[in-house]
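K.L.:
Enclosed is the structure file my_file24.tsv (TSV, C-alpha atoms and all ligand atoms).
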chain	number	residue	atom	x	y	z
A	1	MET	CA	103.60	64.73	138.24
A	2	ASP	CA	106.21	62.29	137.02
A	3	LEU	CA	109.52	63.30	135.54
A	4	LYS	CA	108.43	62.58	131.95
A	5	THR	CA	105.38	64.88	132.28
A	6	LYS	CA	107.53	67.58	133.88
A	7	ILE	CA	110.02	67.45	130.99
A	8	THR	CA	107.20	67.48	128.40
A	9	LEU	CA	105.53	70.51	130.06
A	10	GLY	CA	108.88	72.26	130.34
A	11	LEU	CA	109.61	71.72	126.66
A	12	MET	CA	106.15	72.96	125.69
A	13	GLY	CA	106.77	76.08	127.76
A	14	ILE	CA	110.03	76.73	125.94
A	15	ILE	CA	108.35	76.25	122.54
A	16	VAL	CA	105.49	78.67	123.41
A	17	PHE	CA	108.00	81.22	124.71
A	18	ALA	CA	110.08	80.85	121.51
A	19	ILE	CA	107.01	81.29	119.30
A	20	LEU	CA	105.85	84.36	121.23
A	21	THR	CA	109.21	86.09	121.27
A	22	GLY	CA	109.94	85.04	117.69
A	23	SER	CA	106.74	86.64	116.41
A	24	LYS	CA	107.39	89.87	118.26
A	25	ASP	CA	108.19	92.68	115.83
A	26	GLU	CA	111.50	94.01	117.02
A	27	SER	CA	111.84	96.48	114.16
A	28	VAL	CA	111.92	100.22	114.72
A	29	GLU	CA	108.76	102.26	114.20
A	30	PHE	CA	109.56	103.79	110.82
A	31	SER	CA	108.62	107.32	109.88
A	32	ILE	CA	108.85	109.74	106.95
A	33	ALA	CA	108.54	113.52	106.59
A	34	ILE	CA	108.73	115.74	103.50
A	35	HIS	CA	108.74	119.42	102.59
A	36	GLY	CA	107.97	121.23	99.37
A	37	GLY	CA	109.50	124.58	100.26
A	38	ALA	CA	108.90	127.46	102.66
A	39	GLY	CA	108.02	131.06	101.85
A	40	THR	CA	105.23	133.59	101.58
A	41	ILE	CA	102.59	130.89	101.31
A	42	THR	CA	99.40	132.42	102.69
A	43	ARG	CA	95.71	131.55	102.46
A	44	LYS	CA	95.23	134.89	100.69
A	45	ASN	CA	97.60	133.88	97.86
A	46	MET	CA	96.08	130.43	97.52
A	47	THR	CA	93.16	129.18	95.42
A	48	PRO	CA	91.25	126.04	96.42
A	49	GLY	CA	92.43	124.34	93.23
A	50	LYS	CA	96.08	125.13	93.91
A	51	GLU	CA	95.82	124.07	97.53
A	52	ASN	CA	94.23	120.76	96.52
A	53	ALA	CA	96.94	120.13	93.96
A	54	TYR	CA	99.66	120.63	96.58
A	55	ARG	CA	97.88	118.57	99.20
A	56	SER	CA	97.27	115.64	96.91
A	57	LYS	CA	100.82	115.63	95.53
A	58	LEU	CA	102.30	115.77	99.03
A	59	LYS	CA	100.01	112.91	100.11
A	60	GLU	CA	100.89	110.79	97.07
A	61	THR	CA	104.57	111.42	97.74
A	62	LEU	CA	104.34	110.50	101.43
A	63	ASN	CA	102.43	107.33	100.63
A	64	VAL	CA	105.08	106.12	98.18
A	65	GLY	CA	107.83	106.66	100.76
A	66	TYR	CA	105.69	105.06	103.45
A	67	SER	CA	105.08	101.92	101.45
A	68	ILE	CA	108.82	101.51	100.76
A	69	LEU	CA	109.53	101.74	104.50
A	70	ASN	CA	106.57	99.54	105.40
A	71	LYS	CA	107.94	96.75	103.21
A	72	GLY	CA	111.26	96.96	105.02
A	73	GLY	CA	112.96	99.15	102.39
A	74	THR	CA	115.75	101.52	103.36
A	75	SER	CA	115.36	105.15	104.37
A	76	LEU	CA	117.72	106.05	101.48
A	77	ASP	CA	115.38	104.39	98.97
A	78	ALA	CA	112.39	106.18	100.52
A	79	VAL	CA	114.16	109.56	100.43
A	80	GLU	CA	115.27	109.13	96.81
A	81	ALA	CA	111.87	107.86	95.61
A	82	THR	CA	109.85	110.61	97.29
A	83	ILE	CA	112.13	113.38	96.08
A	84	ARG	CA	111.98	112.00	92.52
A	85	ILE	CA	108.19	112.31	92.58
A	86	MET	CA	108.40	115.94	93.66
A	87	GLU	CA	111.16	116.60	91.09
A	88	ASN	CA	108.83	115.25	88.38
A	89	SER	CA	106.02	117.59	89.45
A	90	GLU	CA	105.77	121.15	88.14
A	91	LEU	CA	104.45	122.26	91.52
A	92	PHE	CA	107.87	122.37	93.11
A	93	ASN	CA	111.10	124.23	92.48
A	94	ALA	CA	113.09	121.06	91.82
A	95	GLY	CA	113.57	119.03	88.63
A	96	LYS	CA	110.66	119.89	86.30
A	97	GLY	CA	109.38	123.18	87.70
A	98	ALA	CA	112.81	124.50	88.71
A	99	VAL	CA	113.22	128.27	88.67
A	100	PHE	CA	115.25	130.12	86.01
A	101	THR	CA	118.63	131.73	86.42
A	102	ASN	CA	119.28	135.30	85.29
A	103	ALA	CA	120.54	133.83	81.99
A	104	GLY	CA	117.23	132.04	81.40
A	105	THR	CA	118.63	128.58	82.14
A	106	ASN	CA	117.83	126.03	84.85
A	107	GLU	CA	120.64	124.90	87.15
A	108	LEU	CA	119.72	122.20	89.63
A	109	ASP	CA	121.24	121.26	92.99
A	110	ALA	CA	120.63	118.19	95.17
A	111	SER	CA	122.15	116.18	97.99
A	112	ILE	CA	121.54	113.00	99.96
A	113	MET	CA	123.04	111.60	103.16
A	114	ASP	CA	123.05	108.19	104.83
A	115	GLY	CA	122.79	108.47	108.61
A	116	ARG	CA	124.15	104.95	109.06
A	117	ASN	CA	127.69	105.72	107.96
A	118	LEU	CA	127.69	109.50	107.27
A	119	LYS	CA	128.25	108.88	103.56
A	120	ALA	CA	126.91	111.66	101.36
A	121	GLY	CA	126.58	112.71	97.73
A	122	ALA	CA	125.65	115.93	95.97
A	123	VAL	CA	125.41	117.59	92.58
A	124	ALA	CA	125.40	121.31	91.90
A	125	ARG	CA	124.45	123.26	88.76
A	126	VAL	CA	123.38	120.29	86.66
A	127	LYS	CA	121.42	121.21	83.52
A	128	THR	CA	120.38	117.93	81.89
A	129	VAL	CA	119.75	115.47	84.72
A	130	LYS	CA	116.05	114.72	85.02
A	131	ASN	CA	116.32	113.66	88.68
A	132	PRO	CA	119.24	115.35	90.42
A	133	ILE	CA	118.58	113.44	93.67
A	134	SER	CA	119.46	110.19	91.88
A	135	ALA	CA	122.66	111.76	90.58
A	136	ALA	CA	123.51	112.79	94.15
A	137	ARG	CA	122.99	109.21	95.26
A	138	LYS	CA	125.23	107.92	92.46
A	139	VAL	CA	127.95	110.34	93.57
A	140	MET	CA	127.65	108.89	97.07
A	141	GLU	CA	127.65	105.27	96.01
A	142	GLU	CA	129.79	105.18	92.88
A	143	THR	CA	132.59	107.70	93.55
A	144	TRP	CA	134.91	108.66	96.38
A	145	HIS	CA	133.78	112.29	96.09
A	146	VAL	CA	130.96	114.09	97.87
A	147	MET	CA	130.01	116.80	95.38
A	148	LEU	CA	130.23	117.06	91.60
A	149	SER	CA	129.29	120.27	89.81
A	150	GLY	CA	128.44	121.70	86.40
A	151	ASP	CA	129.23	119.92	83.14
A	152	GLY	CA	131.26	117.25	84.92
A	153	ALA	CA	128.26	116.30	87.04
A	154	ASP	CA	126.00	116.15	83.95
A	155	LYS	CA	128.57	113.93	82.22
A	156	PHE	CA	128.87	111.67	85.25
A	157	ALA	CA	125.06	111.27	85.47
A	158	LYS	CA	124.94	110.27	81.80
A	159	GLU	CA	127.74	107.74	82.28
A	160	GLN	CA	125.79	106.28	85.20
A	161	GLY	CA	122.82	105.67	82.91
A	162	LEU	CA	120.49	108.15	84.59
A	163	ASP	CA	117.68	109.84	82.61
A	164	ILE	CA	119.14	112.76	80.66
A	165	VAL	CA	116.83	115.40	79.21
A	166	ASP	CA	117.12	118.36	76.89
A	167	PRO	CA	117.45	121.54	79.00
A	168	ASN	CA	114.07	122.63	77.52
A	169	TYR	CA	112.43	119.89	79.58
A	170	PHE	CA	112.74	122.18	82.61
A	171	TYR	CA	110.84	125.03	80.95
A	172	THR	CA	107.56	125.91	82.67
A	173	GLN	CA	105.52	129.02	81.90
A	174	ARG	CA	105.00	129.84	85.57
A	175	ARG	CA	108.72	129.95	86.39
A	176	TRP	CA	109.49	131.81	83.15
A	177	ASP	CA	106.93	134.47	84.07
A	178	SER	CA	108.53	134.76	87.53
A	179	LEU	CA	111.88	135.46	85.93
A	180	LYS	CA	110.39	138.07	83.62
A	181	LYS	CA	108.84	139.81	86.61
A	182	ILE	CA	112.21	139.38	88.40
A	183	GLN	CA	110.28	137.97	91.30
A	184	VAL	CA	112.59	136.19	93.66
A	185	GLU	CA	110.31	133.25	94.18
A	186	LYS	CA	111.71	131.62	97.24
A	187	HIS	CA	109.64	128.53	97.69
A	188	GLY	CA	109.38	125.11	96.17
A	189	THR	CA	112.58	123.33	97.16
A	190	VAL	CA	111.82	119.74	98.14
A	191	GLY	CA	113.23	117.51	100.85
A	192	CYS	CA	112.69	114.32	102.76
A	193	VAL	CA	113.87	112.72	106.00
A	194	ALA	CA	113.13	109.11	106.86
A	195	LEU	CA	113.76	106.42	109.45
A	196	ASP	CA	113.52	102.81	108.30
A	197	LYS	CA	112.68	99.59	110.15
A	198	HIS	CA	116.39	98.87	110.52
A	199	GLY	CA	116.84	102.06	112.56
A	200	ASN	CA	118.67	104.02	109.86
A	201	LEU	CA	118.06	107.70	109.16
A	202	ALA	CA	118.52	109.40	105.77
A	203	ALA	CA	117.94	112.89	104.40
A	204	GLY	CA	117.80	114.47	100.95
A	205	THR	CA	117.10	117.86	99.36
A	206	SER	CA	116.62	119.00	95.75
A	207	THR	CA	116.13	122.47	94.27
A	208	GLY	CA	116.35	124.80	91.32
A	209	GLY	CA	117.75	127.41	93.72
A	210	LEU	CA	116.58	131.02	93.60
A	211	THR	CA	114.93	132.73	90.61
A	212	ASN	CA	117.27	135.14	88.85
A	213	LYS	CA	120.40	133.69	90.47
A	214	ARG	CA	123.66	134.70	88.73
A	215	TRP	CA	127.30	133.89	88.33
A	216	GLY	CA	126.98	130.19	88.99
A	217	ARG	CA	125.41	130.76	92.39
A	218	VAL	CA	125.00	127.60	94.48
A	219	GLY	CA	122.77	127.55	97.56
A	220	ASP	CA	122.64	125.38	100.64
A	221	SER	CA	120.66	122.46	99.20
A	222	PRO	CA	123.62	120.50	97.79
A	223	ILE	CA	125.86	121.37	100.74
A	224	ILE	CA	126.10	118.68	103.38
A	225	GLY	CA	125.68	120.31	106.78
A	226	ALA	CA	123.90	123.37	105.36
A	227	GLY	CA	120.80	122.07	103.55
A	228	THR	CA	121.03	118.35	104.32
A	229	TYR	CA	122.37	116.21	107.15
A	230	ALA	CA	121.78	112.73	108.58
A	231	ASN	CA	123.40	110.87	111.46
A	232	ASN	CA	121.86	107.85	113.20
A	233	GLN	CA	123.29	109.12	116.51
A	234	THR	CA	121.29	112.35	116.32
A	235	CYS	CA	118.90	113.24	113.51
A	236	ALA	CA	118.11	113.72	109.83
A	237	VAL	CA	117.51	117.24	108.48
A	238	SER	CA	116.43	118.84	105.20
A	239	GLY	CA	116.11	122.60	104.88
A	240	THR	CA	114.52	125.17	102.64
A	241	GLY	CA	114.89	128.93	102.57
A	242	GLN	CA	117.51	131.56	101.83
A	243	GLY	CA	120.49	129.36	101.11
A	244	GLU	CA	123.12	131.96	101.93
A	245	TYR	CA	121.87	132.08	105.54
A	246	PHE	CA	121.72	128.29	105.73
A	247	ILE	CA	125.30	128.02	104.52
A	248	ARG	CA	126.63	130.62	106.95
A	249	GLY	CA	124.71	129.03	109.84
A	250	ASN	CA	125.53	125.38	108.99
A	251	VAL	CA	121.84	124.98	109.68
A	252	ALA	CA	121.34	121.25	109.09
A	253	TYR	CA	124.45	120.20	111.00
A	254	ASP	CA	123.67	122.69	113.75
A	255	VAL	CA	120.54	120.74	114.69
A	256	SER	CA	122.63	117.58	115.02
A	257	ALA	CA	125.39	119.40	116.96
A	258	ILE	CA	122.93	120.85	119.48
A	259	MET	CA	121.54	117.37	120.08
A	260	GLU	CA	125.00	115.82	120.36
A	261	TYR	CA	126.75	118.43	122.47
A	262	LYS	CA	123.89	119.87	124.48
A	263	GLY	CA	121.81	116.74	124.83
A	264	LYS	CA	118.68	118.50	123.55
A	265	SER	CA	115.72	116.78	121.92
A	266	VAL	CA	115.25	117.07	118.17
A	267	GLY	CA	112.34	119.47	118.74
A	268	GLU	CA	114.33	121.78	121.01
A	269	ALA	CA	117.36	121.70	118.71
A	270	ALA	CA	115.29	122.43	115.59
A	271	GLN	CA	113.45	125.36	117.25
A	272	ASN	CA	116.75	126.72	118.52
A	273	VAL	CA	118.26	126.67	115.02
A	274	ILE	CA	115.27	128.42	113.44
A	275	ARG	CA	115.43	131.08	116.18
A	276	LYS	CA	119.10	131.65	115.32
A	277	LEU	CA	118.18	131.87	111.62
A	278	SER	CA	115.56	134.53	112.44
A	279	ASP	CA	118.03	136.47	114.60
A	280	LYS	CA	120.42	136.63	111.65
A	281	GLY	CA	117.61	137.86	109.37
A	282	GLY	CA	117.26	134.62	107.38
A	283	ASN	CA	114.02	132.99	106.25
A	284	GLY	CA	113.16	129.35	105.89
A	285	GLY	CA	112.31	126.09	107.56
A	286	ILE	CA	113.58	122.60	108.27
A	287	ILE	CA	112.15	119.13	108.61
A	288	THR	CA	113.93	117.04	111.23
A	289	MET	CA	113.60	113.52	112.59
A	290	ASP	CA	115.46	111.70	115.35
A	291	SER	CA	116.36	108.01	115.57
A	292	LYS	CA	113.06	107.24	117.37
A	293	GLY	CA	111.06	108.81	114.54
A	294	ASN	CA	110.20	111.99	116.46
A	295	ILE	CA	109.54	114.80	114.01
A	296	SER	CA	109.87	118.57	114.26
A	297	MET	CA	109.25	120.91	111.31
A	298	PRO	CA	109.75	124.54	112.41
A	299	PHE	CA	109.89	127.51	110.00
A	300	ASN	CA	109.79	131.29	110.28
A	301	THR	CA	107.99	132.06	107.02
A	302	ALA	CA	104.23	132.40	106.44
A	303	GLY	CA	104.00	128.79	105.30
A	304	MET	CA	105.87	125.65	104.39
A	305	TYR	CA	104.48	122.77	102.32
A	306	ARG	CA	105.06	119.80	104.57
A	307	GLY	CA	103.76	116.47	105.80
A	308	PHE	CA	104.66	113.31	107.61
A	309	ARG	CA	103.48	109.76	108.04
A	310	LYS	CA	104.37	107.50	110.95
A	311	ALA	CA	104.10	103.70	111.04
A	312	GLY	CA	100.50	102.57	111.25
A	313	GLN	CA	99.13	106.10	110.97
A	314	ALA	CA	97.51	108.19	108.25
A	315	PRO	CA	99.46	110.91	106.38
A	316	GLU	CA	99.29	114.44	107.80
A	317	ILE	CA	99.69	117.40	105.44
A	318	PHE	CA	100.18	121.06	106.41
A	319	ILE	CA	100.76	124.26	104.47
A	320	TYR	CA	100.25	127.30	106.69
A	321	LYS	CA	101.55	128.28	110.08
A	322	ASN	CA	98.44	127.21	111.98
B	1	LIG	N1	117.51	126.87	99.80
B	1	LIG	C1	117.37	127.02	98.38
B	1	LIG	C2	118.54	127.79	97.86
B	1	LIG	O1	118.94	128.75	98.47
B	1	LIG	C3	116.11	127.69	97.99
B	1	LIG	C4	114.87	127.30	98.72
B	1	LIG	O2	114.89	126.46	99.59
B	1	LIG	O3	113.80	127.85	98.41
B	1	LIG	O4	119.03	127.48	96.80
Please render this file's structure as structure tokens.
Ligand code: ASP

P.N.:
Amino acid sequence: MDLKTKITLGLMGIIVFAILTGSKDESVEFSIAIHGGAGTITRKNMTPGKENAYRSKLKETLNVGYSILNKGGTSLDAVEATIRIMENSELFNAGKGAVFTNAGTNELDASIMDGRNLKAGAVARVKTVKNPISAARKVMEETWHVMLSGDGADKFAKEQGLDIVDPNYFYTQRRWDSLKKIQVEKHGTVGCVALDKHGNLAAGTSTGGLTNKRWGRVGDSPIIGAGTYANNQTCAVSGTGQGEYFIRGNVAYDVSAIMEYKGKSVGEAAQNVIRKLSDKGGNGGIITMDSKGNISMPFNTAGMYRGFRKAGQAPEIFIYKN
């Protein structure tokens, strides 16, 4: 082989190598998980129609988030978009479908966190914001605060050009009847955790809180570290359950702390936190995801509306324990 041929073959080799490595998809395997609340959700209390409605809404929601991530969109966009869909559905205790306070009003809480830089935003006790999760995101991106509450938060959302509704928009017969029966309906909060192709985690949670709540009560859902947490170094978490227990236990941050300080996997950390919640007498569940897209969704109630979809796979939806 003469020198010219050797050089030509060498160059061809380099070009083939460059094409092969260039076409290799170096992006992270993205993943998304959602919940629609934990509580006394049993087969006995369920009708086939109701179960179908939940399953198809959870699937629709997951697929929207999945397609955002699949196109290279951010985990924050996926979290916000999926939670907005659940907020717009009467099935869940968030946005339209939120439970009533003791005074017969609806007061909504939501939070969102970016695992890339630990930035976070939250709103508590808003009464006119159609999609509280979007208001939480605006707080994160447009202010130097983390949480806005009450009338100020409503005013801020309006100034930001978000959809504002008459408080009557949140009226649903089902939740009104629950208030009249003074049933503390504990389920229906929504949440989402996601990992995008760029390797960034995000988490968000949105709720109407607890039926019959009084005195301006705020639960864990808008509290960063209690109901929501995301950190690329560890995990993303969204919780649902008795907020007072989640606040006292710093539940969402606890999962991250166990991973960081004890070197546990997301599954071990999540189980550990739910065990601690049970020991303290609290009820609820969490959806968690680590930076590799591993998912763990433990809960100590009869059921939790939940589902996930990993890159290249079909959506998986679950309601009951088994
Ligand atoms: N954690 C919510 C709260 O306490 C309620 C729920 O998740 O069902 O406000």

K.L.:
Name the residues, by chain letter and number, that sit within 6 Å of ligand LIG 1 (chain B) using all atoms listed in the file, and give them as a PDB file with C-alpha atoms, in the frame of the given file.

P.N.:
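Written file, selection.pdb:
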ATOM      1  CA  GLY A  37     109.500 124.580 100.260  1.00  0.00           C
ATOM      2  CA  LYS A 186     111.710 131.620  97.240  1.00  0.00           C
ATOM      3  CA  HIS A 187     109.640 128.530  97.690  1.00  0.00           C
ATOM      4  CA  GLY A 188     109.380 125.110  96.170  1.00  0.00           C
ATOM      5  CA  THR A 189     112.580 123.330  97.160  1.00  0.00           C
ATOM      6  CA  GLY A 209     117.750 127.410  93.720  1.00  0.00           C
ATOM      7  CA  LEU A 210     116.580 131.020  93.600  1.00  0.00           C
ATOM      8  CA  GLY A 219     122.770 127.550  97.560  1.00  0.00           C
ATOM      9  CA  ASP A 220     122.640 125.380 100.640  1.00  0.00           C
ATOM     10  CA  SER A 221     120.660 122.460  99.200  1.00  0.00           C
ATOM     11  CA  THR A 240     114.520 125.170 102.640  1.00  0.00           C
ATOM     12  CA  GLY A 241     114.890 128.930 102.570  1.00  0.00           C
ATOM     13  CA  GLN A 242     117.510 131.560 101.830  1.00  0.00           C
ATOM     14  CA  GLY A 243     120.490 129.360 101.110  1.00  0.00           C
TER      15      GLY A 243
END

K.L.:
Using all atoms listed in the file, which of A:Ile112, A:Cys192, A:Gly104, A:Ala203 sits nearest Tyr171 (chain A)?

P.N.:
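Among the listed residues, A:Gly104 lies closest to Tyr171 (chain A).
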
K.L.:
In Å, how far is it from CA of Leu76 (chain A) to CA of Glu60 (chain A)?

P.N.:
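That distance, rounded to one decimal, is 18.0 Å.
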
K.L.:
Using all atoms listed in the file, find the one residue out of A:Arg175, A:Lys158, A:Arg84, A:Arg275 that sits nearest to Ser134 (chain A).

P.N.:
A:Arg84

K.L.:
Just the residues within 7 Å of Leu69 (chain A), please, counting all atoms listed in the file, with nothing from its chain fewer than 5 positions along; format it as a list in words.

P.N.:
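The residues satisfying every condition are Phe30, Thr74, Ser75, Ala78, Asp196 and Lys197 of chain A.
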
K.L.:
Could you take the residues named above and write them with C-alpha atoms, as a short mmCIF file (atom, residue, chain, number, x, y, z; two decimals), in the frame of the given file?

P.N.:
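Output file part_38.cif is given in full below:
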data_model
loop_
_atom_site.label_atom_id
_atom_site.label_comp_id
_atom_site.auth_asym_id
_atom_site.auth_seq_id
_atom_site.Cartn_x
_atom_site.Cartn_y
_atom_site.Cartn_z
CA PHE A 30 109.56 103.79 110.82
CA THR A 74 115.75 101.52 103.36
CA SER A 75 115.36 105.15 104.37
CA ALA A 78 112.39 106.18 100.52
CA ASP A 196 113.52 102.81 108.30
CA LYS A 197 112.68 99.59 110.15
#

K.L.:
Do you have the CA of Val255 (chain A)-CA of Gly191 (chain A) distance handy?

P.N.:
16.0 Å

K.L.:
Could you check which of A:Met140, A:Val273, A:Val64, A:Ile287 is closest to Ser238 (chain A), using all atoms listed in the file?

P.N.:
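Answer, going by the shortest atom-to-atom distance: A:Ile287.
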
K.L.:
Considering only C-alpha atoms, return as an NGL selection string whatever protein or nucleic-acid residues lie within 6 Å of region 31-35 of chain A, sequence-local ones (same chain, fewer than 2 positions apart) excluded.

P.N.:
:A and (37 or 190-195 or 293 or 305-311)

K.L.:
Between CA of Thr288 (chain A) and CA of Glu316 (chain A), what is the spacing in Å?

P.N.:
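Computing the Euclidean distance for CA of Glu316 (chain A) and CA of Thr288 (chain A) yields 15.3 Å.
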
K.L.:
So, counting all atoms listed in the file, which residue among A:Ile85, A:Ala226, A:Ala236, A:Ala98 is closest to Asn250 (chain A)?

P.N.:
A:Ala226

K.L.:
Of the candidates A:Asn106, A:Gly284, A:Gly36, A:Thr42, which one gets nearest to Ala302 (chain A) if we count all atoms listed in the file?

P.N.:
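With all atoms listed in the file as the atom set, the closest residue is A:Thr42.
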
K.L.:
I'd like to know which of A:Gln173, A:Gln160, A:Thr143, A:Thr40 is closest to Leu91 (chain A), using only C-alpha atoms.

P.N.:
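Looking only at the distances to Leu91 (chain A), the closest residue turns out to be A:Gln173.
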
K.L.:
Quick one: residues within 6 Å of Val99 (chain A), all atoms listed in the file, excluding same-chain residues fewer than 4 positions away - as a ChimeraX atom specification?

P.N.:
/A:93,175,208,211
